[in-house]
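To start, the structure itself, in structure tokens.
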Amino acid sequence: MIRTVSLAVAAAVVAGLSASPAAADFPERQITMIVPFGAGGGSDRVARTVDRFWQEQTGESFNFQYQPGAAGAVGTDAIARAQSDGYTIGIVNLPNMVVQPVSGSATFSLDGFDYLGRVNSDPIVLMVPESSRYETLEDFIAAAQEAPGTMTLAITGTLGAAHLAALQMMEGAGIEVTLVPTQGGANTVARIAGGHVSAGLIGLGLFTNQESGRALAVTSAERSDFAPDVPTFTEKDVPIDLATARIIVAPDGLPDDALAYLRSTLESVTLSEGFAAASAEQGQGAIWQSGDELEAAVLAMEEDISALLRKYELID
Amino acid sequence: MMWNIDKVLLGAVVVFCGVLLFQAIDIKAPAGTFPVFVTATTGALAMFALGRAFLRPSTEPFLPAGAGAIVLAGAIGLAVYVTAMTASYLVATPLFLFAGYLFLMPQRTIRSVVLAAVVAVAMTAFTWLCFAYWLGVNLP
Amino acid sequence: MSISQSLAAALDPMVLAMIVLGTIFGAIIGALPGFSSVMAISLLLPVVYPLDPLLGLLILGSIYMGAMYGDANAAILLNIPGTASSLPTTFDGFPMTRQGRAREALLAALAGSVTGGIAGVLVLLATFGALAEFSLRFGPQEYFWLTVLGLTTIAALSSGNLIKGLAGGGLGIAISLIGLDPYWGTPRFTFGQSSLIAGVHLIPALLGLFCVAQVLSSLAGPERDRNAPEAGDQKDALRKVVGTMVRRWDVLVRSSAIGVLIGMLPGAGGPIASTISYNETRRWDRDSASYGKGRVEGVIASEAANSAMVGGSLIPMMALGIPGNVNAAVILGALLSFGLRPGMNLLSDGSGVAMSFMIGLLISSILLAPLGYFIIIRISTQILKIPRTYLAPTILVFASVGAYSVTNSMYGVVIMAALGIGGFLFRRIGLEAAPIGLGLILGPIAEREFTSSLLIAQAQGSYWTMVLRPISLVLIFLCLLSIAAPVLLALRQRRAADGGASA
């Protein structure tokens with residue numbers, strides 16, 4: 001009898017021992033990271049930075065897969081449709097990811113993802129050329145109010161963070177300017193620096209990495225460490241709290257152990273000093289927001305953005 | 001008989017531009033200006049060319065004699081390969097290459113057939129190494 | 001760090017070895033259809049991060065330089081531009097191959113790339129800041145007229161059949177319209193197909209139009225073409241090319257200048273540089289009608305420009321932090337992650353890395369000469385010896401894989417196949433691939449710059465702003481010249497034909 005019991009106990013122990021390594025064995029092979037943009041772009045750089053520190057922490061690196069197209073919608077859709085075994089994840093931009101399903105250029109929906117976490121935040125600045133006579137945001141707003149529609153504002157891309165910031169600025173300050181969408185951050189900077197437009201909205205990271213022009217305001221809730229002299233829109237009574245965020249997502253329905261592993265590793269990567277420093281070099285602020293909080297934030301964003309877009313008749 | 005393809009293709013271009021123009025007109029300004037201009041102009045040019053094709057029919061044959069079969073085989077072969085590639089790159093590619101080599105060979109000897117097979121496999125391996133292994137592309 | 005110290009750093013054996021490897025690697029990547037230099041550069045980014053900044057930057061830079069040379073080889077030998085920047089190289093390069101002058105063409109491309117590359121880097125070294133400021137004066141209006149100028153090359157190419165050429169160009173632009181509306185951000189012309197929302201990707205489209213269509217054309221060719229065209233035993237090819245370079249130094253200067261200038265304009269890029277250089281070289285040549293039939297100057301012009309563009313694109317990148325194109329953008333990313341900041345301080349920050357980098361690039365462009373001559377050309381001419389039996393299906397496979405890898409889905413391959421078969425059919429009825437390709441490449445740029453110009457004009461209340469600007473006026477004038485010449489030529493030909501008929 002004792003023998004049977006001890007055999008049973010031994011069997012249970014063995015079973016338990018072999019079960020837990022199986023659970024702790026995720027990942028057993030390389031994880032694929034889908035980047036919905038071209039190689040070498042902003043998202044790719046962030047993904048590579050994540051990869052670098054992921055490798056430092058876990059010894060594994062990602063298998064990068066680029067699926068550019070439709071301003072990121074194609075790749076994001078690919079992430080949603082991938083197998084939800086935890087071996088495929090992707091990096092996505094907010095707010096683009098929220099806007100695309102609403103504007104009809106996407107075939108994915110926000111509930112098709114498991115949200116792993118947010119890794120950085122890049123607020124938008126209002127930039128004017130060196131030669132501009134606007135020294136402060138008030139100057140700019142006053143000039144715009146005097147001559148509605150005659151001032152031109154360059155924004156990077158359509159239906160991206162810069163565009164939304166522009167809409168919020170127009171709404172909040174009660175002005176009307178002509179928006180000039182430009183392809184690519186570098187082009188936008190060139191347009192502004194060359195004085196071809198009155199001003200423009202570009203990412204803070206891009207602004208700090210280059211030499212010309214000055215920033216009148218920034219869209220984050222608080223002043224950024226990268227540009228402490230630049231006041232926030234909110235300080236100046238134009239309520240905007242917006243930034244381009246890069247988030248890591250996976251297709252919906254991940255097994256629990258994979259989800260937990262990915263989330264916790266991502267958290268420790270993002271919170272590591274090296275990652276913050278590397279992001280700072282690119283002018284990006286590393287910020288961590290956990291998966292659950294992120295999901296809630298995304299869904300809240302969807303409502304606000306839809307309302308904004310509808311108001312400006314950009315969507316039905 | 002063959003030269004009608006000239007008119008069919010030009011006609012297709014006219015139709016294509018027409019369809020796009022029809023849709024472009026609905027685009028809200030200012031985004032509509034460029035597409036309307038381009039599709040209208042291209043359509044007009046194609047119509048002009050079409051008109052000229054009717055008035056002064058080209059006397060050149062569409063394809064040199066005897067070439068039609070090879071080209072058709074090539075086009076169909078490509079289409080089949082592309083479809084088969086979705087199932088498995090590593091199977092479809094050597095088969096396509098082998099078939100292609102054999103088909104185009106002026107004379108088929110035992111030696112050349114074997115060579116064709118070897119090259120087919122080698123090329124598949126090379127491209128797989130380059131793209132799938134090294135570049136990390138997920139070939140089917 | 002003084003210049004001599006930077007020079008010493010660049011001449012370090014390890015650094016030199018990396019430059020050599022990078023240049024060769026870049027040349028091979030550029031030569032293989034289906035691969036793109038951006039792919040290669042960004043793949044090596046993670047490899048490069050842990051390295052010494054100078055090594056890392058130079059690896060990326062030499063690949064860039066090598067690729068802008070390498071792409072000429074496939075363009076000349078197979079009529080398949082290795083990258084979009086070498087499209088104009090096909091205009092005269094491939095006819096030269098058909099005439100048995102492939103070696104001359106390859107050498108000319110090499111010579112052009114070396115001179116252009118050196119010129120571009122020298123300008124980078126010399127001017128750094130000043131030119132970058134000038135490039136900022138190019139606004140959307142100037143960009144638009146620049147693309148129009150590029151498109152007028154179509155008129156020049158199709159002197160035989162202007163209507164069809166223009167229709168082809170227009171068709172290319174029309175196809176490029178499919179996808180997301182650049183202003184509204186919503187899908188257009190997609191006929192309800194969700195896959196078309198991404199539009200017609202450029203690289204698979206070019207692979208189809210040039211690679212596949214070319215292969216199908218070669219299948220339709222006469223029996224004797226089944227074996228490779230003779231590379232020609234041009235023993236005197238080198239002498240000829242050197243002679244041309246010396247005689248036509250004006251072509252070199254003009255092409256390099258155009259390449260550097262256009263390289264500096266963010267978003268303009270290689271294809272525009274080489275196309276406009278080709279066009280301008282043709283325009284100022286007494287015998288402009290013979291271009292497109294095997295004028296070696298055409299090859300030199302195209303290649304010098306797209307290699308000069310390398311240095312040019314780095315000027316605003318290093319001086320202002322504004323990269324000239326995607327390759328420069330990737331290198332900018334590397335620069336930033338090494339802790340270096342673009343700007344005038346790059347030269348004076350004491351680390352000397354920037355200076356060594358530029359010197360290293362110069363070395364890369366100089367090394368192109370021996371590397372190209374002894375290695376690349378030798379390999380390339382071997383390719384010509386492969387009979388069509390093996391070449392045709394293999395190229396189709398390469399193109400298919402390349403198209404797949406751009407989109408990581410079959411969508412790219414479908415585009416390639418459709419445009420390939422379609423392109424072949426169009427070619428048979430006189431709608432050549434080159435105008436369609438130019439339309440595909442330049443169309444999106446033309447559209448977004450046109451729309452921007454329009455918006456600015458409407459905001460400022462006057463449409464004249466789209467035209468009445470100093471640089472724009474110069475460009476418009478050049479456009480008119482571009483169109484006038486072939487039109488006049490066509491009229492003259494018709495008058496001569498009528499005159500002959502009635503006599």
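Numbering starts fresh at 1 for the residues of each chain in the structure tokens, the chains themselves are lettered A, B, ... in the order given, and ligands are numbered from 1 as they appear.
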Which residues, written as a ChimeraX atom specification, have at least one atom at most 12 Å from region 23-29 of chain B, with only C-alpha atoms counted and residues fewer than 2 positions away on the same chain left out? /A:313-314 /B:16-21,31-40 /C:174,177-178,181-191,451,454-455,458
Residues from the last selection, C-alpha atoms, saved as a PDB file, in the first residue's frame:
ATOM      1  CA  GLU A 313     -16.903  65.537 -41.800  1.00  0.00           C
ATOM      2  CA  LEU A 314     -13.943  63.302 -42.404  1.00  0.00           C
TER       3      LEU A 314
ATOM      4  CA  PHE B  16     -10.265  51.682 -67.403  1.00  0.00           C
ATOM      5  CA  CYS B  17      -9.694  55.423 -67.499  1.00  0.00           C
ATOM      6  CA  GLY B  18     -13.370  56.006 -67.951  1.00  0.00           C
ATOM      7  CA  VAL B  19     -14.265  53.978 -64.905  1.00  0.00           C
ATOM      8  CA  LEU B  20     -11.659  55.746 -62.803  1.00  0.00           C
ATOM      9  CA  LEU B  21     -12.779  59.127 -64.091  1.00  0.00           C
ATOM     10  CA  ALA B  31      -8.266  65.667 -53.726  1.00  0.00           C
ATOM     11  CA  GLY B  32     -10.204  65.086 -56.882  1.00  0.00           C
ATOM     12  CA  THR B  33      -8.435  67.484 -59.200  1.00  0.00           C
ATOM     13  CA  PHE B  34      -5.363  65.451 -59.985  1.00  0.00           C
ATOM     14  CA  PRO B  35      -7.121  62.100 -60.556  1.00  0.00           C
ATOM     15  CA  VAL B  36      -9.744  63.709 -62.764  1.00  0.00           C
ATOM     16  CA  PHE B  37      -7.097  65.398 -64.840  1.00  0.00           C
ATOM     17  CA  VAL B  38      -4.953  62.305 -65.215  1.00  0.00           C
ATOM     18  CA  THR B  39      -7.741  59.872 -66.040  1.00  0.00           C
ATOM     19  CA  ALA B  40      -9.416  62.265 -68.436  1.00  0.00           C
TER      20      ALA B  40
ATOM     21  CA  ALA C 174      -3.591  56.235 -63.236  1.00  0.00           C
ATOM     22  CA  LEU C 177      -3.756  56.351 -58.009  1.00  0.00           C
ATOM     23  CA  ILE C 178      -5.262  53.128 -56.728  1.00  0.00           C
ATOM     24  CA  ASP C 181      -6.351  58.914 -51.075  1.00  0.00           C
ATOM     25  CA  PRO C 182      -3.331  60.900 -49.913  1.00  0.00           C
ATOM     26  CA  TYR C 183      -5.516  63.759 -48.800  1.00  0.00           C
ATOM     27  CA  TRP C 184      -8.576  62.124 -47.285  1.00  0.00           C
ATOM     28  CA  GLY C 185      -6.877  58.955 -46.135  1.00  0.00           C
ATOM     29  CA  THR C 186      -9.784  56.861 -47.368  1.00  0.00           C
ATOM     30  CA  PRO C 187      -9.634  54.169 -50.015  1.00  0.00           C
ATOM     31  CA  ARG C 188     -10.283  55.089 -53.624  1.00  0.00           C
ATOM     32  CA  PHE C 189     -10.445  53.201 -56.903  1.00  0.00           C
ATOM     33  CA  THR C 190     -10.305  49.926 -55.075  1.00  0.00           C
ATOM     34  CA  PHE C 191     -13.454  48.431 -56.597  1.00  0.00           C
ATOM     35  CA  THR C 451      -2.337  68.833 -54.091  1.00  0.00           C
ATOM     36  CA  LEU C 454      -3.099  73.662 -54.776  1.00  0.00           C
ATOM     37  CA  LEU C 455      -3.969  73.899 -51.095  1.00  0.00           C
ATOM     38  CA  GLN C 458      -6.140  78.327 -52.362  1.00  0.00           C
TER      39      GLN C 458
END
Report as an MDAnalysis selection string the set of chain A residues whose atoms approach chain C to within 7 Å, with distances computed over only C-alpha atoms. chainID A and resid 39:41 66:70 74 103:105 149:152 158:159 178 180:181 186:187 190:191 193:194 196 209:211 278 281:282
Name the residues of region 4-160 of chain C that fall into helix (DSSP H, G or I) according to DSSP on the backbone, using the chain letters and numbers of this document, as a short mmCIF file (atom, residue, chain, number, x, y, z; two decimals) with C-alpha atoms, in the first residue's frame.
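Saved as part_15.cif:
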data_model
loop_
_atom_site.label_atom_id
_atom_site.label_comp_id
_atom_site.auth_asym_id
_atom_site.auth_seq_id
_atom_site.Cartn_x
_atom_site.Cartn_y
_atom_site.Cartn_z
CA SER C 4 44.51 63.93 -40.97
CA GLN C 5 43.38 62.05 -37.91
CA SER C 6 40.01 61.40 -39.48
CA LEU C 7 41.74 60.24 -42.61
CA ALA C 8 43.85 57.85 -40.60
CA ALA C 9 40.75 56.50 -38.90
CA ALA C 10 39.13 55.89 -42.23
CA PRO C 13 42.56 48.17 -42.20
CA MET C 14 39.45 46.92 -40.45
CA VAL C 15 37.48 49.89 -41.69
CA LEU C 16 38.78 49.44 -45.21
CA ALA C 17 37.87 45.79 -45.15
CA MET C 18 34.33 46.67 -44.15
CA ILE C 19 34.11 49.27 -46.88
CA VAL C 20 35.21 46.75 -49.48
CA LEU C 21 32.79 44.10 -48.25
CA GLY C 22 29.96 46.58 -47.98
CA THR C 23 30.51 47.91 -51.46
CA ILE C 24 30.65 44.48 -53.06
CA PHE C 25 27.65 43.31 -51.11
CA GLY C 26 25.72 46.42 -52.07
CA ALA C 27 26.64 45.99 -55.72
CA ILE C 28 25.41 42.41 -55.76
CA ILE C 29 22.21 43.30 -53.96
CA GLY C 30 21.62 46.14 -56.35
CA ALA C 31 22.22 43.90 -59.33
CA SER C 37 19.20 48.35 -51.10
CA VAL C 38 16.86 49.46 -48.35
CA MET C 39 16.17 45.82 -47.56
CA ALA C 40 19.86 45.12 -47.29
CA ILE C 41 20.68 48.17 -45.22
CA SER C 42 17.90 47.67 -42.75
CA LEU C 43 18.62 43.99 -42.38
CA LEU C 44 22.12 44.82 -41.29
CA LEU C 45 20.98 47.40 -38.76
CA PRO C 46 20.87 44.99 -35.84
CA VAL C 47 24.23 43.59 -36.84
CA VAL C 48 25.65 47.07 -36.97
CA PRO C 53 29.96 53.86 -34.91
CA LEU C 54 32.36 54.50 -37.75
CA LEU C 55 32.36 50.86 -38.82
CA GLY C 56 28.62 50.63 -38.61
CA LEU C 57 27.96 53.80 -40.57
CA LEU C 58 30.48 52.88 -43.22
CA ILE C 59 29.04 49.42 -43.73
CA LEU C 60 25.64 50.95 -44.36
CA GLY C 61 27.05 53.74 -46.48
CA SER C 62 29.13 51.46 -48.69
CA ILE C 63 26.19 49.19 -49.30
CA TYR C 64 24.18 52.22 -50.39
CA MET C 65 26.97 53.32 -52.71
CA GLY C 66 27.51 49.82 -54.07
CA ALA C 67 23.84 49.26 -54.77
CA MET C 68 23.57 52.47 -56.77
CA TYR C 69 26.22 51.07 -59.05
CA GLY C 70 25.15 47.45 -59.07
CA ASP C 71 21.66 48.10 -60.26
CA ALA C 72 23.02 49.11 -63.63
CA ASN C 73 24.23 45.63 -64.47
CA ALA C 74 20.85 43.97 -64.66
CA ALA C 75 19.49 47.05 -66.38
CA ILE C 76 22.05 46.81 -69.14
CA LEU C 77 22.24 43.07 -69.58
CA LEU C 78 18.67 42.06 -69.01
CA ALA C 84 14.07 51.93 -59.76
CA SER C 85 16.98 54.39 -59.92
CA SER C 86 18.53 52.60 -62.84
CA LEU C 87 15.44 52.68 -65.00
CA PRO C 88 16.90 55.20 -67.44
CA THR C 89 20.00 53.07 -67.71
CA THR C 90 17.87 50.54 -69.57
CA PHE C 91 16.94 53.06 -72.22
CA ASP C 92 20.32 52.92 -73.88
CA GLY C 93 22.05 50.16 -71.95
CA PHE C 94 19.94 47.32 -73.21
CA PRO C 95 20.04 48.40 -76.84
CA MET C 96 23.81 48.47 -76.49
CA THR C 97 23.74 44.90 -75.26
CA ARG C 98 21.67 43.88 -78.22
CA ALA C 102 27.45 45.13 -73.48
CA ARG C 103 30.97 45.44 -72.19
CA GLU C 104 31.14 49.04 -73.24
CA ALA C 105 27.86 49.74 -71.51
CA LEU C 106 28.92 48.01 -68.30
CA LEU C 107 32.18 49.92 -68.22
CA ALA C 108 30.36 53.16 -68.92
CA ALA C 109 27.98 52.50 -66.06
CA LEU C 110 30.91 51.78 -63.78
CA ALA C 111 32.74 54.90 -64.86
CA GLY C 112 29.63 56.98 -64.43
CA SER C 113 28.91 55.54 -61.00
CA VAL C 114 32.46 56.08 -59.80
CA THR C 115 32.64 59.68 -60.97
CA GLY C 116 29.14 60.48 -59.78
CA GLY C 117 29.74 58.84 -56.45
CA ILE C 118 32.99 60.69 -55.87
CA ALA C 119 31.44 63.96 -56.97
CA GLY C 120 28.51 63.49 -54.62
CA VAL C 121 30.68 62.81 -51.61
CA LEU C 122 33.04 65.65 -52.46
CA VAL C 123 30.13 68.05 -52.55
CA LEU C 124 28.98 66.62 -49.24
CA LEU C 125 32.42 67.21 -47.74
CA ALA C 126 32.82 70.66 -49.17
CA THR C 127 29.50 72.30 -48.70
CA GLY C 129 25.66 73.32 -44.63
CA ALA C 130 25.26 75.81 -47.42
CA LEU C 131 23.68 73.55 -49.99
CA ALA C 132 21.38 72.06 -47.45
CA GLU C 133 19.88 75.49 -46.91
CA PHE C 134 19.38 75.84 -50.63
CA SER C 135 17.54 72.57 -50.85
CA PRO C 140 5.79 71.57 -53.13
CA GLN C 141 5.51 73.66 -56.25
CA GLU C 142 9.11 73.01 -57.24
CA TYR C 143 8.78 69.33 -56.48
CA PHE C 144 5.72 69.15 -58.67
CA TRP C 145 7.40 70.77 -61.63
CA LEU C 146 10.38 68.54 -61.08
CA THR C 147 8.20 65.46 -61.44
CA VAL C 148 6.58 66.97 -64.51
CA LEU C 149 10.05 67.45 -65.92
CA GLY C 150 10.77 63.83 -65.20
CA LEU C 151 7.56 62.84 -66.92
CA THR C 152 8.45 64.83 -70.00
CA THR C 153 11.22 62.33 -70.52
CA ILE C 154 8.41 60.14 -71.75
CA ALA C 155 7.95 62.48 -74.66
CA ALA C 156 11.60 62.15 -75.46
CA LEU C 157 11.57 58.39 -75.27
#
For Ala117 (chain B), list every protein, DNA or RNA residue within 8 Å, evaluated using only C-alpha atoms, and leave out those in the same chain fewer than 4 positions away; present the list as an MDAnalysis selection string. chainID B and resid 94 98 113 121
What are the closest atom pairs, with distances in Å to one decimal, for all residues of chain C lying within 7 Å of chain B? Consider only C-alpha atoms, order rows by chain and residue number, and present the result as JSON lines.
{"residue": "C:Ile163", "atom": "CA", "partner": "B:Leu45", "partner_atom": "CA", "distance": 6.2}
{"residue": "C:Lys164", "atom": "CA", "partner": "B:Ala49", "partner_atom": "CA", "distance": 6.6}
{"residue": "C:Ala167", "atom": "CA", "partner": "B:Thr42", "partner_atom": "CA", "distance": 5.2}
{"residue": "C:Gly170", "atom": "CA", "partner": "B:Thr42", "partner_atom": "CA", "distance": 5.0}
{"residue": "C:Leu171", "atom": "CA", "partner": "B:Thr42", "partner_atom": "CA", "distance": 6.4}
{"residue": "C:Ala174", "atom": "CA", "partner": "B:Thr39", "partner_atom": "CA", "distance": 6.2}
{"residue": "C:Tyr183", "atom": "CA", "partner": "B:Ala31", "partner_atom": "CA", "distance": 6.0}
{"residue": "C:Phe189", "atom": "CA", "partner": "B:Leu20", "partner_atom": "CA", "distance": 6.5}
{"residue": "C:Leu216", "atom": "CA", "partner": "B:Val71", "partner_atom": "CA", "distance": 6.0}
{"residue": "C:Leu219", "atom": "CA", "partner": "B:Val71", "partner_atom": "CA", "distance": 5.8}
{"residue": "C:Ala220", "atom": "CA", "partner": "B:Ala67", "partner_atom": "CA", "distance": 4.9}
{"residue": "C:Thr389", "atom": "CA", "partner": "B:Leu104", "partner_atom": "CA", "distance": 5.0}
{"residue": "C:Tyr390", "atom": "CA", "partner": "B:Tyr101", "partner_atom": "CA", "distance": 5.7}
{"residue": "C:Pro393", "atom": "CA", "partner": "B:Leu97", "partner_atom": "CA", "distance": 5.7}
{"residue": "C:Thr394", "atom": "CA", "partner": "B:Leu97", "partner_atom": "CA", "distance": 6.7}
{"residue": "C:Ser405", "atom": "CA", "partner": "B:Val137", "partner_atom": "CA", "distance": 5.9}
{"residue": "C:Asn408", "atom": "CA", "partner": "B:Val137", "partner_atom": "CA", "distance": 6.6}
{"residue": "C:Ile421", "atom": "CA", "partner": "B:Ala75", "partner_atom": "CA", "distance": 6.7}
{"residue": "C:Arg428", "atom": "CA", "partner": "B:Phe62", "partner_atom": "CA", "distance": 6.3}
{"residue": "C:Ile429", "atom": "CA", "partner": "B:Asp6", "partner_atom": "CA", "distance": 5.6}
{"residue": "C:Glu447", "atom": "CA", "partner": "B:Phe34", "partner_atom": "CA", "distance": 6.3}
{"residue": "C:Thr451", "atom": "CA", "partner": "B:Ala31", "partner_atom": "CA", "distance": 6.7}
Given only C-alpha atoms as the basis, pick out the residue of C:Ile359, C:Ala496, C:Ile376, C:Ile276 nearest to Arg254 (chain C). C:Ile276
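Here CA of Ser176 (chain C) and CA of Leu440 (chain C) stand 5.3 Å from one another.
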Which residue out of A:Val238, A:Ile34, A:Ala154, A:Ala243 has the minimum interatomic distance to chain B when only C-alpha atoms are used? A:Ile34
Show me, as a list in words, the residues of chain A whose atoms get within 8 Å of chain B, using only C-alpha atoms for the distance check. Asn63, Phe64 and Gln65 of chain A
May I have the residues from that selection written out with C-alpha atoms, as a CSV table (one decimal), in the first residue's frame?
chain,number,residue,atom,x,y,z
A,63,ASN,CA,12.2,37.5,-36.6
A,64,PHE,CA,11.2,40.7,-38.3
A,65,GLN,CA,8.6,40.7,-41.0
Hey, can you check how far CA of Pro251 (chain A) sits from CA of Ile79 (chain A)? 5.9 Å
Mind pulling up the distance from CA of Gln382 (chain C) to CA of Ser364 (chain C)? 24.5 Å
